[in-house]
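Right, one structure below, let's go through it.
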Amino acid sequence: MSVESTTGCERRQVPAGDVMTVSGAFEGSEDIAVARDLARHFLADVQAEYGLPVSGRVMGTVQLVVSELVTNARKYAPGPCLLTLRIDGGAVEVTVWDSNPTPPTIPAPDPARIGQHGLEIVMAVGRSFAVHREPVGKKICAVIELADDLVR
């Protein structure tokens, strides 16, 4: 296991068989770009070191999901949040833990509404979306396929 310090978060990358993981803890003062950078570097490493294909579309989609979920955690939950990216079975699982146990809600459809579409976007681009209550807080998980040619 290697641990390297990065601005605003701790990177921990652990290849274990076919599963690769990286995590970053965010205290709230970091720019959201740090979370996106963690995702981008992780997927670039997955592609370069392990030969898994990661298209530009997938790279952008994962960064978008990371940005939306970390932004929501920082906006609606006090304290730190933890971002974990996990590659398993040809997909990347994006999980964000925060301290607020209340599940997120999606506002009713309103064509005049500006903003607050983040979770709708995350649910639309992913293979799956789930919210899990934890002893403290909750985890939100979205799974995105690494392959571009999969049809839902």
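Just remember, in the structure tokens the first chain shown is A, the second B, etc., residues are 1-based per chain, and ligands are 1-based in the order shown.
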
For this session: Name the residues in contact with Gly60 in chain A at a cut-off of 12 Å, using only C-alpha atoms, excluding same-chain residues fewer than 4 positions from it; report them as a list in words.
Result: Arg36, Asp37, Ala39, Arg40, Leu43, Ala44, Val54, Ser55, Gly56, Leu64, Val65, Val66, Ser67, Val125, Ile144 and Leu146 of chain A

How would the residues just chosen look if you wrote them out with all heavy atoms as a compact mmCIF listing (two decimals), in the first residue's frame?
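In the end it all went to result-v9.txt:
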```
# COMPACT_ATOMS: atom_id res chain seq x y z
N ARG A 36 -12.05 16.29 -7.86
CA ARG A 36 -12.04 15.91 -9.28
C ARG A 36 -10.65 15.46 -9.72
O ARG A 36 -10.50 14.50 -10.47
CB ARG A 36 -12.51 17.08 -10.15
CG ARG A 36 -13.99 17.35 -10.06
CD ARG A 36 -14.47 18.32 -11.13
NE ARG A 36 -13.78 19.58 -11.10
CZ ARG A 36 -14.18 20.66 -10.43
NH1 ARG A 36 -15.31 20.62 -9.72
NH2 ARG A 36 -13.50 21.78 -10.47
N ASP A 37 -9.61 16.16 -9.23
CA ASP A 37 -8.23 15.77 -9.56
C ASP A 37 -7.91 14.38 -9.03
O ASP A 37 -7.24 13.59 -9.71
CB ASP A 37 -7.23 16.77 -8.97
CG ASP A 37 -7.23 18.11 -9.69
OD1 ASP A 37 -7.78 18.19 -10.81
OD2 ASP A 37 -6.66 19.07 -9.13
N ALA A 39 -9.98 11.93 -8.66
CA ALA A 39 -10.65 10.98 -9.57
C ALA A 39 -9.89 10.87 -10.89
O ALA A 39 -9.67 9.76 -11.39
CB ALA A 39 -12.09 11.43 -9.82
N ARG A 40 -9.50 12.00 -11.45
CA ARG A 40 -8.80 11.99 -12.74
C ARG A 40 -7.48 11.23 -12.64
O ARG A 40 -7.16 10.39 -13.48
CB ARG A 40 -8.57 13.41 -13.24
CG ARG A 40 -7.97 13.45 -14.64
CD ARG A 40 -7.79 14.84 -15.20
NE ARG A 40 -6.81 15.60 -14.43
CZ ARG A 40 -7.08 16.61 -13.60
NH1 ARG A 40 -8.33 17.00 -13.42
NH2 ARG A 40 -6.13 17.23 -12.94
N LEU A 43 -8.13 7.40 -12.23
CA LEU A 43 -8.51 6.73 -13.48
C LEU A 43 -7.35 6.69 -14.48
O LEU A 43 -7.20 5.71 -15.21
CB LEU A 43 -9.73 7.41 -14.09
CG LEU A 43 -11.03 7.22 -13.31
CD1 LEU A 43 -12.16 8.02 -13.94
CD2 LEU A 43 -11.40 5.75 -13.19
N ALA A 44 -6.52 7.73 -14.49
CA ALA A 44 -5.34 7.70 -15.36
C ALA A 44 -4.39 6.60 -14.91
O ALA A 44 -3.81 5.88 -15.75
CB ALA A 44 -4.64 9.06 -15.34
N VAL A 54 -10.23 3.58 -20.19
CA VAL A 54 -11.01 4.67 -19.60
C VAL A 54 -11.10 5.75 -20.67
O VAL A 54 -10.14 6.44 -20.96
CB VAL A 54 -10.34 5.23 -18.33
CG1 VAL A 54 -11.17 6.37 -17.75
CG2 VAL A 54 -10.12 4.13 -17.29
N SER A 55 -12.27 5.87 -21.28
CA SER A 55 -12.45 6.86 -22.34
C SER A 55 -12.54 8.27 -21.76
O SER A 55 -12.76 8.45 -20.56
CB SER A 55 -13.73 6.55 -23.13
OG SER A 55 -14.86 6.82 -22.32
N GLY A 56 -12.44 9.25 -22.62
CA GLY A 56 -12.61 10.64 -22.21
C GLY A 56 -14.00 10.88 -21.66
O GLY A 56 -14.18 11.64 -20.71
N LEU A 64 -17.62 14.51 -13.02
CA LEU A 64 -18.89 15.20 -12.78
C LEU A 64 -19.60 14.61 -11.56
O LEU A 64 -20.07 15.34 -10.69
CB LEU A 64 -19.79 15.08 -14.01
CG LEU A 64 -21.22 15.59 -13.85
CD1 LEU A 64 -21.24 17.10 -13.62
CD2 LEU A 64 -22.04 15.22 -15.07
N VAL A 65 -19.67 13.29 -11.49
CA VAL A 65 -20.33 12.62 -10.36
C VAL A 65 -19.61 12.96 -9.05
O VAL A 65 -20.24 13.28 -8.05
CB VAL A 65 -20.41 11.09 -10.60
CG1 VAL A 65 -20.81 10.35 -9.34
CG2 VAL A 65 -21.37 10.80 -11.75
N VAL A 66 -18.29 12.89 -9.06
CA VAL A 66 -17.50 13.23 -7.87
C VAL A 66 -17.80 14.67 -7.45
O VAL A 66 -18.06 14.95 -6.27
CB VAL A 66 -15.99 13.04 -8.15
CG1 VAL A 66 -15.13 13.76 -7.11
CG2 VAL A 66 -15.65 11.56 -8.19
N SER A 67 -17.79 15.57 -8.40
CA SER A 67 -18.04 16.98 -8.10
C SER A 67 -19.41 17.19 -7.48
O SER A 67 -19.56 17.89 -6.47
CB SER A 67 -17.91 17.80 -9.39
OG SER A 67 -18.05 19.16 -9.12
N VAL A 125 -26.59 9.35 -15.34
CA VAL A 125 -25.35 8.91 -16.00
C VAL A 125 -24.80 7.61 -15.44
O VAL A 125 -23.92 7.01 -16.05
CB VAL A 125 -24.25 10.00 -15.96
CG1 VAL A 125 -24.72 11.26 -16.65
CG2 VAL A 125 -23.78 10.28 -14.54
N ILE A 144 -20.47 3.80 -12.29
CA ILE A 144 -20.36 4.20 -13.69
C ILE A 144 -19.54 3.15 -14.43
O ILE A 144 -18.46 2.77 -13.98
CB ILE A 144 -19.66 5.60 -13.82
CG1 ILE A 144 -20.55 6.70 -13.23
CG2 ILE A 144 -19.39 5.93 -15.27
CD1 ILE A 144 -20.26 7.03 -11.85
N LEU A 146 -17.00 1.53 -17.03
CA LEU A 146 -15.78 2.00 -17.66
C LEU A 146 -15.87 1.93 -19.18
O LEU A 146 -15.23 2.72 -19.88
CB LEU A 146 -14.58 1.18 -17.18
CG LEU A 146 -14.12 1.45 -15.75
CD1 LEU A 146 -13.03 0.46 -15.35
CD2 LEU A 146 -13.64 2.87 -15.59
```

Exercise. Skipping near chain neighbours, those fewer than 3 positions away, what residues fall within 7 Å of Ile87 in chain A using only C-alpha atoms, listed as a VMD selection string?
Worked result: chain A and resid 19 to 21 90 to 93

For this session: Excluding range 122-124 of chain A and residues on its chain fewer than 5 positions from it, collect all residues at most 12 Å away from it, counting only C-alpha atoms, and give them as a PyMOL selection string.
Result: chain A and resi 61-70+72+94-95+106+116-117+129-131+140-144+152

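Nearest to Leu38 in chain A of all the residues A:Arg74, A:Tyr50, A:Asp88, A:Val22 is A:Val22, counting only C-alpha atoms.
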
Exercise. Where in chain A does DSSP assign alpha helix (DSSP H), given as an MDAnalysis selection string?
Worked result: chainID A and resid 32:50 56:76 118:125

Dump as a short mmCIF file (atom, residue, chain, number, x, y, z; two decimals), in the first residue's frame, selection limited to N, CA and C atoms:
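The result, stored in again.cif:
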```cif
data_model
loop_
_atom_site.label_atom_id
_atom_site.label_comp_id
_atom_site.auth_asym_id
_atom_site.auth_seq_id
_atom_site.Cartn_x
_atom_site.Cartn_y
_atom_site.Cartn_z
N ILE A 32 -13.34 22.06 -4.62
CA ILE A 32 -13.92 20.83 -5.17
C ILE A 32 -13.03 20.25 -6.27
N ALA A 33 -12.24 21.10 -6.91
CA ALA A 33 -11.32 20.63 -7.95
C ALA A 33 -10.34 19.58 -7.41
N VAL A 34 -10.03 19.63 -6.13
CA VAL A 34 -9.12 18.64 -5.54
C VAL A 34 -9.76 17.25 -5.62
N ALA A 35 -11.05 17.15 -5.38
CA ALA A 35 -11.76 15.86 -5.48
C ALA A 35 -11.78 15.38 -6.93
N ARG A 36 -12.05 16.29 -7.86
CA ARG A 36 -12.04 15.91 -9.28
C ARG A 36 -10.65 15.46 -9.72
N ASP A 37 -9.61 16.16 -9.23
CA ASP A 37 -8.23 15.77 -9.56
C ASP A 37 -7.91 14.38 -9.03
N LEU A 38 -8.38 14.08 -7.83
CA LEU A 38 -8.16 12.75 -7.27
C LEU A 38 -8.77 11.68 -8.19
N ALA A 39 -9.98 11.93 -8.66
CA ALA A 39 -10.65 10.98 -9.57
C ALA A 39 -9.89 10.87 -10.89
N ARG A 40 -9.50 12.00 -11.45
CA ARG A 40 -8.80 11.99 -12.74
C ARG A 40 -7.48 11.23 -12.64
N HIS A 41 -6.70 11.51 -11.59
CA HIS A 41 -5.41 10.82 -11.42
C HIS A 41 -5.61 9.33 -11.18
N PHE A 42 -6.61 8.98 -10.40
CA PHE A 42 -6.89 7.57 -10.14
C PHE A 42 -7.22 6.84 -11.43
N LEU A 43 -8.13 7.40 -12.23
CA LEU A 43 -8.51 6.73 -13.48
C LEU A 43 -7.35 6.69 -14.48
N ALA A 44 -6.52 7.73 -14.49
CA ALA A 44 -5.34 7.70 -15.36
C ALA A 44 -4.39 6.60 -14.91
N ASP A 45 -4.21 6.42 -13.60
CA ASP A 45 -3.37 5.33 -13.07
C ASP A 45 -3.96 3.97 -13.42
N VAL A 46 -5.28 3.84 -13.28
CA VAL A 46 -5.95 2.58 -13.62
C VAL A 46 -5.68 2.22 -15.07
N GLN A 47 -5.75 3.21 -15.93
CA GLN A 47 -5.51 2.97 -17.36
C GLN A 47 -4.04 2.67 -17.64
N ALA A 48 -3.14 3.48 -17.10
CA ALA A 48 -1.71 3.33 -17.39
C ALA A 48 -1.10 2.10 -16.73
N GLU A 49 -1.42 1.86 -15.47
CA GLU A 49 -0.77 0.80 -14.72
C GLU A 49 -1.45 -0.56 -14.85
N TYR A 50 -2.76 -0.57 -15.09
CA TYR A 50 -3.49 -1.83 -15.09
C TYR A 50 -4.13 -2.14 -16.44
N GLY A 56 -12.44 9.25 -22.62
CA GLY A 56 -12.61 10.64 -22.21
C GLY A 56 -14.00 10.88 -21.66
N ARG A 57 -15.01 10.21 -22.23
CA ARG A 57 -16.37 10.36 -21.75
C ARG A 57 -16.50 9.84 -20.33
N VAL A 58 -15.92 8.67 -20.07
CA VAL A 58 -15.99 8.09 -18.73
C VAL A 58 -15.22 8.97 -17.75
N MET A 59 -14.05 9.45 -18.15
CA MET A 59 -13.25 10.32 -17.29
C MET A 59 -14.07 11.55 -16.89
N GLY A 60 -14.72 12.18 -17.85
CA GLY A 60 -15.53 13.36 -17.56
C GLY A 60 -16.75 13.04 -16.72
N THR A 61 -17.38 11.91 -17.00
CA THR A 61 -18.58 11.52 -16.24
C THR A 61 -18.23 11.26 -14.78
N VAL A 62 -17.15 10.55 -14.52
CA VAL A 62 -16.75 10.26 -13.14
C VAL A 62 -16.41 11.56 -12.42
N GLN A 63 -15.70 12.47 -13.07
CA GLN A 63 -15.38 13.75 -12.43
C GLN A 63 -16.64 14.55 -12.13
N LEU A 64 -17.62 14.51 -13.02
CA LEU A 64 -18.89 15.20 -12.78
C LEU A 64 -19.60 14.61 -11.56
N VAL A 65 -19.67 13.29 -11.49
CA VAL A 65 -20.33 12.62 -10.36
C VAL A 65 -19.61 12.96 -9.05
N VAL A 66 -18.29 12.89 -9.06
CA VAL A 66 -17.50 13.23 -7.87
C VAL A 66 -17.80 14.67 -7.45
N SER A 67 -17.79 15.57 -8.40
CA SER A 67 -18.04 16.98 -8.10
C SER A 67 -19.41 17.19 -7.48
N GLU A 68 -20.43 16.57 -8.07
CA GLU A 68 -21.80 16.73 -7.55
C GLU A 68 -21.94 16.15 -6.15
N LEU A 69 -21.42 14.94 -5.93
CA LEU A 69 -21.60 14.29 -4.63
C LEU A 69 -20.80 14.96 -3.52
N VAL A 70 -19.56 15.36 -3.80
CA VAL A 70 -18.75 16.04 -2.78
C VAL A 70 -19.32 17.43 -2.50
N THR A 71 -19.78 18.13 -3.53
CA THR A 71 -20.40 19.44 -3.32
C THR A 71 -21.62 19.31 -2.42
N ASN A 72 -22.47 18.32 -2.67
CA ASN A 72 -23.66 18.12 -1.83
C ASN A 72 -23.28 17.79 -0.40
N ALA A 73 -22.27 16.94 -0.22
CA ALA A 73 -21.84 16.58 1.14
C ALA A 73 -21.36 17.82 1.89
N ARG A 74 -20.60 18.65 1.22
CA ARG A 74 -20.07 19.84 1.87
C ARG A 74 -21.17 20.88 2.11
N LYS A 75 -22.17 20.90 1.26
CA LYS A 75 -23.24 21.88 1.39
C LYS A 75 -24.24 21.51 2.48
N TYR A 76 -24.54 20.21 2.62
CA TYR A 76 -25.64 19.79 3.49
C TYR A 76 -25.22 19.04 4.75
N GLY A 118 -28.25 18.24 -9.53
CA GLY A 118 -27.08 17.38 -9.39
C GLY A 118 -27.41 15.91 -9.23
N LEU A 119 -28.29 15.57 -8.31
CA LEU A 119 -28.61 14.15 -8.10
C LEU A 119 -29.33 13.56 -9.30
N GLU A 120 -30.15 14.35 -9.96
CA GLU A 120 -30.82 13.86 -11.18
C GLU A 120 -29.78 13.50 -12.23
N ILE A 121 -28.77 14.33 -12.36
CA ILE A 121 -27.69 14.06 -13.32
C ILE A 121 -26.93 12.80 -12.92
N VAL A 122 -26.55 12.71 -11.66
CA VAL A 122 -25.81 11.54 -11.18
C VAL A 122 -26.60 10.26 -11.44
N MET A 123 -27.90 10.29 -11.17
CA MET A 123 -28.73 9.10 -11.39
C MET A 123 -28.86 8.77 -12.87
N ALA A 124 -28.86 9.79 -13.72
CA ALA A 124 -29.02 9.57 -15.16
C ALA A 124 -27.77 8.99 -15.82
N VAL A 125 -26.59 9.35 -15.34
CA VAL A 125 -25.35 8.91 -16.00
C VAL A 125 -24.80 7.61 -15.44
#
```

For this session: Please run DSSP on the backbone and report, as a list in words, all residues within range 52-96 of chain A that come out as strand (DSSP E).
Result: Cys81, Leu82, Leu83, Thr84, Leu85, Arg86, Ile87, Asp88, Ala91, Val92, Glu93, Val94, Thr95 and Val96 of chain A

Exercise. What's the 10 Å shell around Phe26 in chain A, counting only C-alpha atoms, without same-chain residues fewer than 2 positions away, as a VMD selection string?
Worked result: chain A and resid 7 to 10 23 to 24 28 to 32 34 to 35 70 73 to 74 79 to 83 98

Seminar exercise, completed: Shortest contact to Lys139 in chain A, candidates A:Leu85, A:Ala77, A:Val96, A:Ala112, atoms counted only C-alpha atoms, goes to A:Val96
